[in-house]
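Worksheet: the structure to be examined is printed underneath.
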Amino acid sequence: MADKIIPASPSAEDYAKAAANSPDDGAWFARNEPFALFAEWLEDAKKKEPNDANAMALATADEHGAPDVRMVLLKDVSGDGFVFYSNAESRKGQQLAANPQAALCFHWKSLRRQVRVSGRVEPATDAEADAYFASRAKDSQIGAWASEQSRPMEGRFELEKRIAQFALKYGIGKTPRPPQWRGWRIVPTRIEFWRDRPFRLHDRLEFTRTGGGQPWTTQRLYP
């Protein structure tokens, strides 16, 4: 069987249109910290992406250094870092406990942009986790109790039975946060902004620092 042909890259005409609409380089590369720029790009993505502009690929590694990756949702971002929530007993939770480092990648195809983040991981506070869990829909709260995330499951009925059990228990009144459901904050030491440019001569702007609270340094990277 012949090898499958990969579709051709965008045409010169497509790239010419992209180049004509490119933002001013001088303003873009004059930034001295990354979080304001990230906030601007995220707002742009919320207007353009068809769904889940806050979706990000989360890369972790276990105690042996074996990598793993999956999509999660960004739930908060500030100068302190990028926050997401999940089950601490899941595969990702166990990996973060054994090796508290991670990387993120946001890819906004409609904008032809991506952001890469890497750094150490620290737990979000119980107060942060409680506040976010309380903001979730009741069905999502019940689901957090019912799902033994990443563990083997015999069939869908097993999950539905657990949902019914916890719905009966917590269906009325306030649903407490499960003890294993918590948040993590990635405190970045490196953030790279990538912007598509004609003929794969892309723009890359990298921010680096030695640790949280330290000043950022910037540099442009070859595409």
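Residues are named by chain letter and number: chains run A, B, ... in the order of the structure tokens, numbers start at 1 in each chain, and ligands are numbered from 1 in the order shown.
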
> Residues at most 12 Å from region 136-153 of chain A, counting only C-alpha atoms, excluding those fewer than 6 positions away in the same chain, as an MDAnalysis selection string?
Replying inline: chainID A and resid 75 85:94 129:130 159:182

> Could you write out, as a ChimeraX atom specification, all the residues of region 65-164 of chain A that DSSP marks as helix (DSSP H, G or I)?
Replying inline: /A:91-98,126-135,138-146,156-164

>> Taking only C-alpha atoms into account, name the residue in A:Gly119, A:Ala103, A:Phe84, A:Arg156 that is nearest to Phe133 (chain A).
In response: A:Phe84

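Each of A:Gln219, A:Gln101, A:Ser135, A:Asn54 was checked against Gln114 (chain A) using only C-alpha atoms; the smallest atom-to-atom distance is that of A:Asn54.
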
>> With distances taken over only C-alpha atoms, which residue among A:Asp76, A:Glu154, A:Glu33, A:Glu192 lies nearest Val115 (chain A)?
In response: A:Glu192

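Using only C-alpha atoms, the protein and nucleic acid residues lying no more than 6 Å from Arg113 (chain A), apart from those fewer than 2 places from it along its own chain, are Trp108, Leu111, Trp194 and Arg195 of chain A.
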
File dump, residues just selected, N, CA and C atoms, as a PDB file, in the first residue's frame:
```
ATOM      1  N   TRP A 108      -4.331  27.614  19.615  1.00  0.00           N
ATOM      2  CA  TRP A 108      -5.536  28.254  19.115  1.00  0.00           C
ATOM      3  C   TRP A 108      -5.460  28.284  17.594  1.00  0.00           C
ATOM      4  N   LEU A 111      -6.571  31.293  15.510  1.00  0.00           N
ATOM      5  CA  LEU A 111      -5.695  32.459  15.566  1.00  0.00           C
ATOM      6  C   LEU A 111      -4.299  32.176  15.013  1.00  0.00           C
ATOM      7  N   TRP A 194       4.142  31.759  20.376  1.00  0.00           N
ATOM      8  CA  TRP A 194       4.426  31.372  18.987  1.00  0.00           C
ATOM      9  C   TRP A 194       3.314  31.911  18.101  1.00  0.00           C
ATOM     10  N   ARG A 195       3.715  32.523  17.001  1.00  0.00           N
ATOM     11  CA  ARG A 195       2.738  33.097  16.072  1.00  0.00           C
ATOM     12  C   ARG A 195       3.087  32.671  14.656  1.00  0.00           C
TER      13      ARG A 195
END
```
